[in-house]
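Below: start_39.txt (compact mmCIF, C-alpha atoms and all ligand atoms)
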```txt
# COMPACT_ATOMS: atom_id res chain seq x y z
CA MET B 10 -9.42 0.51 -32.52
CA SER B 11 -7.03 3.37 -31.89
CA LYS B 12 -7.72 5.09 -28.59
CA LYS B 13 -6.72 8.68 -27.92
CA LEU B 14 -4.16 7.88 -25.16
CA ASN B 15 -2.67 4.77 -26.77
CA GLY B 16 1.03 4.46 -25.96
CA LYS B 17 0.92 7.12 -23.22
CA VAL B 18 2.16 6.61 -19.66
CA ALA B 19 0.23 8.32 -16.86
CA LEU B 20 0.87 8.79 -13.14
CA VAL B 21 -2.25 9.58 -11.09
CA THR B 22 -1.66 10.53 -7.45
CA GLY B 23 -4.25 9.54 -4.83
CA ALA B 24 -5.87 7.05 -7.19
CA SER B 25 -6.90 4.44 -4.61
CA LYS B 26 -10.43 5.87 -4.38
CA GLY B 27 -12.70 8.78 -5.25
CA ILE B 28 -11.94 11.13 -8.12
CA GLY B 29 -8.39 9.76 -8.55
CA ALA B 30 -9.64 6.20 -9.04
CA ALA B 31 -12.14 7.40 -11.67
CA ILE B 32 -9.35 9.29 -13.46
CA ALA B 33 -7.06 6.24 -13.47
CA LEU B 34 -9.86 4.06 -14.89
CA ARG B 35 -10.72 6.63 -17.58
CA LEU B 36 -7.13 7.22 -18.71
CA ALA B 37 -6.64 3.44 -18.93
CA ALA B 38 -9.90 3.05 -20.89
CA ASP B 39 -8.53 5.67 -23.30
CA GLY B 40 -5.40 3.55 -23.80
CA ALA B 41 -2.83 4.87 -21.29
CA ALA B 42 -0.70 2.66 -19.04
CA VAL B 43 -1.37 3.99 -15.55
CA ALA B 44 0.58 4.19 -12.28
CA VAL B 45 -2.07 4.14 -9.54
CA ASN B 46 -0.57 5.94 -6.54
CA TYR B 47 -1.81 5.45 -2.98
CA SER B 48 -0.63 6.48 0.44
CA ALA B 49 -2.61 4.39 2.97
CA SER B 50 -5.18 2.47 0.90
CA LYS B 51 -3.22 -0.35 -0.76
CA ASP B 52 -6.38 -2.47 -1.13
CA GLY B 53 -8.14 0.35 -2.97
CA ALA B 54 -5.22 0.84 -5.36
CA ASP B 55 -5.00 -2.92 -5.98
CA ARG B 56 -8.72 -2.97 -6.83
CA VAL B 57 -8.30 -0.14 -9.35
CA VAL B 58 -5.33 -1.93 -10.95
CA ALA B 59 -7.27 -5.23 -11.10
CA GLU B 60 -10.21 -3.49 -12.79
CA ILE B 61 -7.94 -1.90 -15.40
CA ILE B 62 -6.22 -5.21 -16.12
CA SER B 63 -9.55 -7.06 -16.34
CA GLN B 64 -10.55 -4.63 -19.09
CA GLY B 65 -7.37 -5.34 -21.04
CA GLY B 66 -5.40 -2.31 -19.82
CA LYS B 67 -2.02 -1.89 -18.15
CA ALA B 68 -1.53 -0.53 -14.62
CA VAL B 69 0.62 -0.80 -11.49
CA ALA B 70 -0.10 0.26 -7.90
CA LEU B 71 2.67 2.41 -6.43
CA HIS B 72 2.97 3.54 -2.83
CA GLY B 73 4.07 7.06 -1.95
CA ASN B 74 3.08 9.89 0.37
CA VAL B 75 3.25 12.84 -2.02
CA SER B 76 4.26 15.30 0.71
CA ASP B 77 7.55 13.47 1.38
CA LEU B 78 10.38 14.33 -1.02
CA ALA B 79 12.07 10.90 -0.90
CA GLN B 80 8.74 9.14 -1.53
CA ALA B 81 7.83 11.51 -4.37
CA GLU B 82 11.23 10.86 -5.94
CA LYS B 83 10.75 7.09 -5.63
CA LEU B 84 7.19 7.29 -7.01
CA ALA B 85 8.29 9.11 -10.15
CA ALA B 86 11.28 6.81 -10.70
CA GLU B 87 9.21 3.66 -10.18
CA THR B 88 6.55 4.89 -12.62
CA ALA B 89 9.15 5.34 -15.35
CA GLN B 90 10.84 2.06 -14.48
CA ALA B 91 7.60 0.07 -14.60
CA LEU B 92 5.87 1.74 -17.55
CA GLY B 93 8.41 3.94 -19.40
CA PRO B 94 8.88 7.73 -19.69
CA ILE B 95 5.93 9.69 -18.29
CA ASP B 96 3.56 11.57 -20.64
CA ILE B 97 0.78 12.52 -18.22
CA LEU B 98 0.85 13.50 -14.54
CA VAL B 99 -2.44 14.01 -12.70
CA ASN B 100 -1.91 15.70 -9.33
CA ASN B 101 -5.11 14.54 -7.65
CA ALA B 102 -4.03 13.55 -4.11
CA GLY B 103 -5.59 15.99 -1.69
CA ILE B 104 -7.25 16.31 1.68
CA TYR B 105 -9.96 18.63 2.91
CA ALA B 106 -11.08 19.77 6.34
CA PHE B 107 -13.00 22.93 7.08
CA SER B 108 -12.67 25.39 9.91
CA ALA B 109 -13.75 28.92 10.72
CA LEU B 110 -10.97 31.43 11.27
CA ASP B 111 -11.64 31.37 15.01
CA THR B 112 -10.93 27.66 15.40
CA LEU B 113 -8.16 27.01 12.87
CA THR B 114 -4.82 25.71 14.15
CA PRO B 115 -1.29 25.50 12.73
CA GLU B 116 -1.82 21.71 12.42
CA HIS B 117 -4.98 22.27 10.34
CA PHE B 118 -3.01 24.65 8.11
CA HIS B 119 0.13 22.54 7.68
CA SER B 120 -1.63 19.19 7.10
CA GLN B 121 -3.59 20.58 4.14
CA PHE B 122 -0.80 22.71 2.67
CA ASN B 123 1.61 19.75 3.00
CA VAL B 124 -0.49 17.46 0.79
CA ASN B 125 -2.41 19.86 -1.47
CA VAL B 126 0.42 22.28 -2.25
CA LEU B 127 3.83 20.91 -1.21
CA GLY B 128 2.91 17.39 -2.35
CA LEU B 129 1.76 18.66 -5.74
CA LEU B 130 5.00 20.60 -6.17
CA LEU B 131 7.26 17.71 -5.09
CA VAL B 132 5.59 15.17 -7.38
CA SER B 133 5.62 17.66 -10.28
CA GLN B 134 9.34 18.35 -9.72
CA GLN B 135 10.22 14.67 -9.60
CA ALA B 136 7.90 13.51 -12.39
CA VAL B 137 9.07 16.17 -14.84
CA ARG B 138 12.57 14.65 -14.57
CA HIS B 139 11.10 11.42 -15.96
CA PHE B 140 8.87 12.97 -18.63
CA SER B 141 9.17 11.92 -22.22
CA THR B 142 11.51 14.14 -24.25
CA LYS B 143 8.47 14.86 -26.44
CA GLY B 144 6.80 16.64 -23.48
CA GLY B 145 3.33 15.87 -22.20
CA ALA B 146 0.64 17.15 -19.87
CA ILE B 147 0.15 17.87 -16.18
CA VAL B 148 -3.41 18.15 -14.89
CA ASN B 149 -3.85 19.50 -11.36
CA ILE B 150 -7.06 18.77 -9.46
CA SER B 151 -7.93 22.09 -7.88
CA SER B 152 -11.47 22.94 -6.69
CA GLY B 153 -14.38 25.21 -7.51
CA VAL B 154 -13.85 26.74 -4.05
CA SER B 155 -10.86 28.72 -5.30
CA THR B 156 -13.26 31.18 -6.95
CA ILE B 157 -16.47 30.41 -5.01
CA THR B 158 -14.59 31.20 -1.74
CA PRO B 159 -17.18 29.79 0.72
CA PRO B 160 -16.97 31.02 4.34
CA ASN B 161 -15.41 28.68 6.95
CA THR B 162 -13.10 27.03 4.41
CA VAL B 163 -10.22 29.49 4.46
CA VAL B 164 -7.28 27.05 4.66
CA TYR B 165 -8.59 24.51 2.12
CA THR B 166 -9.65 27.29 -0.25
CA ALA B 167 -6.20 28.86 0.09
CA THR B 168 -4.56 25.56 -0.89
CA LYS B 169 -6.67 25.38 -4.05
CA ALA B 170 -6.09 29.05 -4.95
CA SER B 171 -2.40 28.12 -4.67
CA VAL B 172 -2.97 25.20 -7.05
CA ASP B 173 -4.52 27.60 -9.59
CA ALA B 174 -1.52 29.96 -9.29
CA ILE B 175 0.97 27.08 -9.53
CA THR B 176 -0.82 25.87 -12.66
CA MET B 177 -0.37 29.23 -14.35
CA VAL B 178 3.28 29.63 -13.29
CA LEU B 179 4.30 26.13 -14.33
CA SER B 180 2.44 26.40 -17.64
CA LYS B 181 4.89 29.17 -18.53
CA GLU B 182 7.92 27.54 -16.95
CA LEU B 183 7.42 24.17 -18.66
CA ALA B 184 6.13 25.33 -22.04
CA ALA B 185 9.60 25.22 -23.59
CA ARG B 186 9.71 21.51 -22.75
CA GLN B 187 6.33 21.03 -24.47
CA ILE B 188 4.68 20.20 -21.15
CA ARG B 189 1.18 21.69 -20.86
CA VAL B 190 -0.13 22.41 -17.35
CA ASN B 191 -3.85 22.84 -16.65
CA ALA B 192 -6.20 22.55 -13.69
CA VAL B 193 -9.64 21.03 -13.33
CA ASN B 194 -11.76 22.65 -10.61
CA PRO B 195 -14.56 20.27 -9.55
CA GLY B 196 -17.74 21.18 -7.76
CA MET B 197 -19.05 18.74 -5.14
CA ILE B 198 -18.47 15.12 -6.14
CA VAL B 199 -19.71 12.39 -3.80
CA THR B 200 -16.58 10.35 -3.03
CA GLU B 201 -15.29 8.29 -0.11
CA GLY B 202 -13.67 11.45 1.26
CA VAL B 203 -16.87 13.53 1.00
CA ILE B 204 -18.89 10.73 2.64
CA ALA B 205 -16.31 10.41 5.44
CA ALA B 206 -16.60 14.16 6.01
CA GLY B 207 -20.42 13.83 6.21
CA MET B 208 -20.94 16.34 3.37
CA HIS B 209 -22.80 14.00 1.00
CA GLU B 210 -26.13 14.72 2.69
CA GLY B 211 -27.69 17.33 4.92
CA ASP B 212 -27.19 21.11 4.89
CA MET B 213 -23.97 21.21 2.85
CA ARG B 214 -25.33 19.14 -0.02
CA GLY B 215 -28.69 20.93 0.10
CA TRP B 216 -26.97 24.32 -0.12
CA ILE B 217 -24.77 23.24 -3.05
CA GLU B 218 -27.71 21.81 -5.00
CA SER B 219 -29.72 24.98 -4.37
CA VAL B 220 -27.01 27.34 -5.67
CA THR B 221 -25.81 25.16 -8.59
CA PRO B 222 -27.53 26.21 -11.84
CA MET B 223 -27.67 22.57 -12.98
CA GLY B 224 -29.28 21.67 -9.64
CA ARG B 225 -27.18 18.62 -8.79
CA VAL B 226 -23.75 17.52 -7.57
CA GLY B 227 -21.24 16.08 -10.03
CA LYS B 228 -19.93 12.58 -10.72
CA ALA B 229 -16.30 11.46 -10.50
CA GLU B 230 -16.62 10.24 -14.10
CA GLU B 231 -17.43 13.79 -15.22
CA ILE B 232 -14.16 15.02 -13.71
CA ALA B 233 -12.27 12.09 -15.22
CA ALA B 234 -13.62 12.87 -18.70
CA THR B 235 -12.38 16.46 -18.42
CA VAL B 236 -8.96 15.29 -17.26
CA ALA B 237 -8.75 12.83 -20.16
CA PHE B 238 -9.47 15.66 -22.59
CA LEU B 239 -6.85 18.02 -21.10
CA ALA B 240 -4.29 15.19 -21.03
CA SER B 241 -4.86 14.34 -24.68
CA ASP B 242 -3.62 15.86 -27.91
CA ASP B 243 -7.15 17.23 -28.42
CA ALA B 244 -6.03 19.93 -25.95
CA SER B 245 -2.67 20.50 -27.67
CA TYR B 246 -2.92 24.34 -27.58
CA ILE B 247 -4.42 24.63 -24.08
CA THR B 248 -2.12 25.46 -21.17
CA GLY B 249 -2.38 27.51 -17.98
CA GLU B 250 -6.17 27.11 -17.81
CA THR B 251 -8.40 26.40 -14.82
CA LEU B 252 -11.44 24.55 -16.12
CA HIS B 253 -14.40 24.65 -13.73
CA VAL B 254 -16.56 21.52 -13.76
CA THR B 255 -19.17 22.71 -11.29
CA GLY B 256 -22.55 22.57 -13.04
CA GLY B 257 -22.33 26.33 -13.51
CA PHE B 258 -21.74 27.22 -9.82
CA ARG B 259 -19.10 29.99 -9.66
N1 LIG K 301 -14.94 15.36 -3.79
C1 LIG K 301 -15.15 16.64 -4.01
O1 LIG K 301 -16.28 17.17 -3.85
C2 LIG K 301 -14.03 17.52 -4.50
C3 LIG K 301 -14.34 18.79 -5.00
C4 LIG K 301 -13.32 19.60 -5.46
C5 LIG K 301 -12.02 19.14 -5.43
N2 LIG K 301 -11.74 17.90 -4.95
C6 LIG K 301 -10.33 17.47 -4.95
O2 LIG K 301 -10.25 16.23 -5.63
C7 LIG K 301 -9.17 15.45 -5.10
C8 LIG K 301 -9.70 14.09 -4.71
O3 LIG K 301 -10.76 14.22 -3.78
P1 LIG K 301 -11.69 12.98 -3.37
O4 LIG K 301 -12.97 13.56 -2.91
O5 LIG K 301 -11.65 11.95 -4.42
O6 LIG K 301 -10.89 12.46 -2.07
P2 LIG K 301 -10.87 11.04 -1.34
O7 LIG K 301 -12.06 10.22 -1.68
O8 LIG K 301 -10.63 11.36 0.11
O9 LIG K 301 -9.56 10.37 -1.93
C9 LIG K 301 -8.33 11.01 -1.71
C10 LIG K 301 -7.22 10.27 -2.39
O10 LIG K 301 -5.99 10.98 -2.12
C11 LIG K 301 -5.06 10.08 -1.56
N3 LIG K 301 -4.14 10.78 -0.66
C12 LIG K 301 -4.43 11.53 0.42
N4 LIG K 301 -3.30 11.98 1.00
C13 LIG K 301 -2.28 11.51 0.24
C14 LIG K 301 -0.87 11.62 0.30
N5 LIG K 301 -0.26 12.33 1.27
N6 LIG K 301 -0.12 11.00 -0.65
C15 LIG K 301 -0.70 10.27 -1.63
N7 LIG K 301 -2.04 10.13 -1.74
C16 LIG K 301 -2.80 10.73 -0.80
C17 LIG K 301 -5.88 9.01 -0.88
O11 LIG K 301 -5.12 7.82 -0.82
P3 LIG K 301 -4.93 6.95 0.51
O12 LIG K 301 -6.30 6.63 1.04
O13 LIG K 301 -4.17 5.79 0.03
O14 LIG K 301 -4.17 7.83 1.45
C18 LIG K 301 -7.05 8.87 -1.85
O15 LIG K 301 -6.70 8.01 -2.91
C19 LIG K 301 -8.60 16.28 -3.94
O16 LIG K 301 -7.50 17.03 -4.40
C20 LIG K 301 -9.75 17.21 -3.58
O17 LIG K 301 -9.31 18.39 -2.95
C21 LIG K 301 -12.72 17.07 -4.47
```
Mind turning the file's structure into structure tokens?
Ligand SMILES: NC(=O)c1ccc[n+]([C@@H]2O[C@H](COP(=O)([O-])OP(=O)(O)OC[C@H]3O[C@@H](n4cnc5c(N)ncnc54)[C@H](OP(=O)(O)O)[C@@H]3O)[C@@H](O)[C@H]2O)c1
Amino acid sequence: MSKKLNGKVALVTGASKGIGAAIALRLAADGAAVAVNYSASKDGADRVVAEIISQGGKAVALHGNVSDLAQAEKLAAETAQALGPIDILVNNAGIYAFSALDTLTPEHFHSQFNVNVLGLLLVSQQAVRHFSTKGGAIVNISSGVSTITPPNTVVYTATKASVDAITMVLSKELAARQIRVNAVNPGMIVTEGVIAAGMHEGDMRGWIESVTPMGRVGKAEEIAATVAFLASDDASYITGETLHVTGGFR
């Protein structure tokens, strides 16, 4: 049966766990060959690759810290070398830590901007050089916080507002090359990162469920399905959009 991403090559950053792993699995299920990027969690990336292969798909695990130019360059080159010219880039790698204005530090600022903003730009720059001449799609994983603007999240929220702005700028800059650029802005999704931050239960989760019209948090698979749509030809006239997948919480 023909699948909607058959013959496509995708690079998913931060795909060793969480939302990125779900995206890699979904793009592969839709027919794409997938480069599963990781920074520290080689075992996680290997597990995602093994699952894709066990389901008859094609995938490779590729190391690379997105916030390092040389590693971003190597990641993009190795993706093209292993799988062929890139059609789809998903900039998912990201970190989150929250602080009130009073307690934030330069380290808190730079660590998040380095991965969430600089990393996204470096991988985009390098990957575009290896894109198919036919063009393709970039999907940036932003966050619902960029418009919800919760208190005590100023640095993280600023990184994701930057991702929204970058999405709009690059959609115009890359349109002539037939590369569409969109963002997906998730609400709370229970992932390894959210559990490690202790946000999957208690006050934070209770508050989100109480203010979300649909009354629940989201699933990584729901984000992956949205990414698969934006990456596909079904979204061929959509670029520069920020699509909120937040159960109606804005
Ligand atoms: N979960 C949510 O509620 C939520 C909501 C809105 C937006 N988001 C966004 O969704 C994305 C994924 O979040 P998540 O909850 O799935 O996070 P997660 O469970 O913590 O996973 C993060 C992934 O990013 C990778 N990563 C981190 N730093 C990296 C770097 N410098 N270079 C390459 N990869 C790196 C990690 O790989 P290693 O372990 O190998 O380093 C891991 O695969 C982030 O951009 C986040 O801001 C999440």
(request) Using all atoms listed in the file, find each protein or nucleic acid residue lying at most 6 Å from ligand LIG 301 (chain K); present the set as a ChimeraX atom specification. (result) /B:22-29,47-50,73-76,101-105,124,150-152,195-203
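Minimum distance to Glu231 (chain B) across B:Val254, B:Val163, B:Leu92, B:Ile157 (counting all atoms listed in the file) occurs at B:Val254.
Near Val69 (chain B), within 10 Å and counting all atoms listed in the file, sit Leu20, Ala42, Val43, Ala44, Val45, Asn46, Ala54, Asp55, Val57, Val58, Ala59, Ile61, Ile62, His72, Glu87, Thr88, Ala91 and Leu92 of chain B, not including residues fewer than 3 positions from it in the same chain.
For the set B:Ser180, B:Ser241, B:Thr168, B:Ser63, the residue with the smallest atom-to-atom gap to His119 (chain B) is B:Thr168, counting all atoms listed in the file.
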(request) Between B:Val126, B:Leu34, B:Val190, B:Thr162, single out the one closest to Ala109 (chain B), counting only C-alpha atoms. (result) B:Thr162
(request) Would you please work out which residue, of B:Ala170, B:Ala146, B:Ala31, B:Ala38, is nearest to Ser245 (chain B) when using all atoms listed in the file? (result) B:Ala146
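Take the candidates B:Ala86, B:Ala167, B:Leu183, B:Ala244 and check each one against Phe107 (chain B) using all atoms listed in the file; the shortest distance goes to B:Ala167.
The space separating CA of His253 (chain B) from CA of Thr221 (chain B) comes to 12.5 Å.
Taking CA of Leu110 (chain B) as the reference point, CA of Val164 (chain B) is found at 8.7 Å.
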(message) Report, in Å with one decimal, the straight-line distance from CA of Ala237 (chain B) to CA of Leu36 (chain B).
(response) 6.0 Å
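Taking all atoms listed in the file into account, Lys67 (chain B) lies nearest to B:Ala33 out of the set B:Met177, B:Ala33, B:Ala184, B:Val154.
Taking only C-alpha atoms into account, those protein, DNA and RNA residues with any atom at most 10 Å away from (6.7, 14.8, -8.9) amount to Leu20, Thr22, Val75, Ser76, Leu78, Gln80, Ala81, Glu82, Lys83, Leu84, Ala85, Ala86, Leu98, Val99, Asn100, Gly128, Leu129, Leu130, Leu131, Val132, Ser133, Gln134, Gln135, Ala136, Val137, Arg138 and His139 of chain B.
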(request) Could you give me, as a list of chain:residue names, the residues within 12 Å of Ala185 (chain B), counting only C-alpha atoms and dropping anything in the same chain fewer than 4 positions from it? (result) B:Thr142, B:Lys143, B:Gly144, B:Gly145, B:Leu179, B:Ser180, B:Lys181, B:Arg189, B:Val190, B:Thr248
